[in-house]
Amino acid sequence: MEKPDFNITEVNKIIRGRRSMFFAQFKENDPVDDAVIEEILENATWAPTHKLTEPWSFIVFAGEGRQKFADYQSELYKERTTKNGTFNEAAYMRFKENPLKASHIIAIKMKHDLKAGLPVMEEIAAVAMAVQNMYLSASAHGLAAFWGTGGPTFWPEAKPWFGLEEEDMLMGFFYIAKPATENWPMGKRKPATEKTDWVR
């Protein structure tokens, strides 16, 4: 393969310009084309992966699928919190209504191949890098997106619904929509020099 001719200016621009945008910044009822979502997911699969385990897998909730996801997480929330006496109606409604504000919701799964003998941290890191590729791709398309770990992410009883085994992990949800505004959020980071030591 011939060495690619990368444009470092554009690489720096997309990495430093990537932003999270949340439900309040989503344009509702104007779905993103499925082909764009497929491209975003294809880019996700090019994340680094030790031993080529490719531990990521995804479920895309689109159209009426968003309602199925919303119903599932809100009812599971209600069931869990009713048992321990912490049910909150406002939280229940957020679980039920917020998914419908997104164009697509992508469940992020880490399938841990025990036979590969890799530390689980490496597999988690690989999936996180896949999500970064999704973030960069969504930003390049001018889309609003964020990675959230609320709802069923850490509820053990939710694993079967997402096709996960005991050793696997649900790593949250990537919400995507067209932005409701042309304004792009400002970012802020401390310079790398404040967090880097050099040994020469």
# chains A, B, ... in the order shown; residues from 1 in each chain; ligands from 1
>>> residues_around(residues="Met134 in chain A", least_positions_apart="4", cutoff="8 Å", atoms="only C-alpha atoms", output="list in words")
Ile40, Leu41, Asn43, Ala44, Ala130 and Ala138 of chain A
>>> closest_atom_pairs(of="range 95-149 of chain A", to="range 161-174 of chain A", cutoff="7 Å", atoms="only C-alpha atoms", output="CSV")
residue,atom,partner,partner_atom,distance
A:Ile105,CA,A:Phe174,CA,5.7
A:Ile106,CA,A:Phe174,CA,4.9
A:Ala107,CA,A:Phe173,CA,4.6
A:Ile108,CA,A:Met171,CA,5.3
A:Lys109,CA,A:Leu170,CA,4.8
A:Met110,CA,A:Met169,CA,5.0
A:Lys111,CA,A:Asp168,CA,4.8
A:His112,CA,A:Asp168,CA,5.2
A:Ala145,CA,A:Phe174,CA,6.9
A:Phe146,CA,A:Phe174,CA,5.7
A:Trp147,CA,A:Phe174,CA,4.4
A:Gly148,CA,A:Phe173,CA,5.3
A:Thr149,CA,A:Gly172,CA,4.2
>>> residues_around(residues="Gly142 in chain A", least_positions_apart="6", cutoff="12 Å", atoms="only C-alpha atoms", output="PyMOL selection string")
chain A and resi 14+17-21+26+32+36+135-136+176-185
>>> select_by_dssp(residues="range 58-95 of chain A", states="helix (DSSP H, G or I)", output="ChimeraX atom specification")
/A:64-84,89-95
>>> write_last_selection(atoms="C-alpha atoms", output="mmCIF file, in the first residue's frame")
data_model
loop_
_atom_site.group_PDB
_atom_site.id
_atom_site.type_symbol
_atom_site.label_atom_id
_atom_site.label_comp_id
_atom_site.auth_asym_id
_atom_site.auth_seq_id
_atom_site.Cartn_x
_atom_site.Cartn_y
_atom_site.Cartn_z
ATOM 1 C CA GLU A 64 -39.553 3.506 15.613
ATOM 2 C CA GLY A 65 -36.572 1.723 17.149
ATOM 3 C CA ARG A 66 -35.936 4.826 19.247
ATOM 4 C CA GLN A 67 -39.361 4.370 20.859
ATOM 5 C CA LYS A 68 -38.552 0.737 21.646
ATOM 6 C CA PHE A 69 -35.337 1.822 23.350
ATOM 7 C CA ALA A 70 -37.103 4.642 25.220
ATOM 8 C CA ASP A 71 -39.856 2.317 26.437
ATOM 9 C CA TYR A 72 -37.356 -0.307 27.529
ATOM 10 C CA GLN A 73 -35.081 1.969 29.536
ATOM 11 C CA SER A 74 -37.903 3.960 31.138
ATOM 12 C CA GLU A 75 -39.793 0.845 32.239
ATOM 13 C CA LEU A 76 -36.640 -0.815 33.537
ATOM 14 C CA TYR A 77 -35.825 2.365 35.444
ATOM 15 C CA LYS A 78 -39.330 2.354 36.923
ATOM 16 C CA GLU A 79 -39.042 -1.315 37.911
ATOM 17 C CA ARG A 80 -35.647 -0.856 39.565
ATOM 18 C CA THR A 81 -36.496 2.322 41.465
ATOM 19 C CA THR A 82 -39.947 1.210 42.566
ATOM 20 C CA LYS A 83 -38.302 -1.743 44.321
ATOM 21 C CA ASN A 84 -35.908 0.448 46.309
ATOM 22 C CA GLU A 89 -41.311 10.822 37.803
ATOM 23 C CA ALA A 90 -39.159 13.497 36.147
ATOM 24 C CA ALA A 91 -36.295 11.040 35.610
ATOM 25 C CA TYR A 92 -38.756 8.488 34.237
ATOM 26 C CA MET A 93 -40.029 11.014 31.691
ATOM 27 C CA ARG A 94 -36.483 11.915 30.646
ATOM 28 C CA PHE A 95 -35.748 8.248 29.983
#
>>> atom_distance(atom1="CA of Lys195 in chain A", atom2="CA of Ala125 in chain A")
20.4 Å
>>> closest_residue(among="A:Pro4, A:Gly187, A:Pro152, A:Pro55", to="Met121 in chain A", atoms="only C-alpha atoms")
A:Pro55
>>> closest_residue(among="A:Asn98, A:Gln25, A:Thr196, A:Thr53", to="Glu122 in chain A", atoms="only C-alpha atoms")
A:Thr53
>>> closest_residue(among="A:Asn88, A:Ser57, A:Ser103, A:Thr49", to="Met129 in chain A", atoms="only C-alpha atoms")
A:Thr49
>>> select_by_dssp(residues="range 44-170 of chain A", states="strand (DSSP E or B)", output="list in words")
Trp56, Ser57, Phe58, Ile59, Val60, Phe61, Ala62, His104, Ile105, Ile106, Ala107, Ile108, Lys109, Met110, Ala144, Ala145, Phe146, Trp147, Gly148, Met169 and Leu170 of chain A
>>> atom_distance(atom1="CA of Ala47 in chain A", atom2="CA of Ala126 in chain A")
6.5 Å
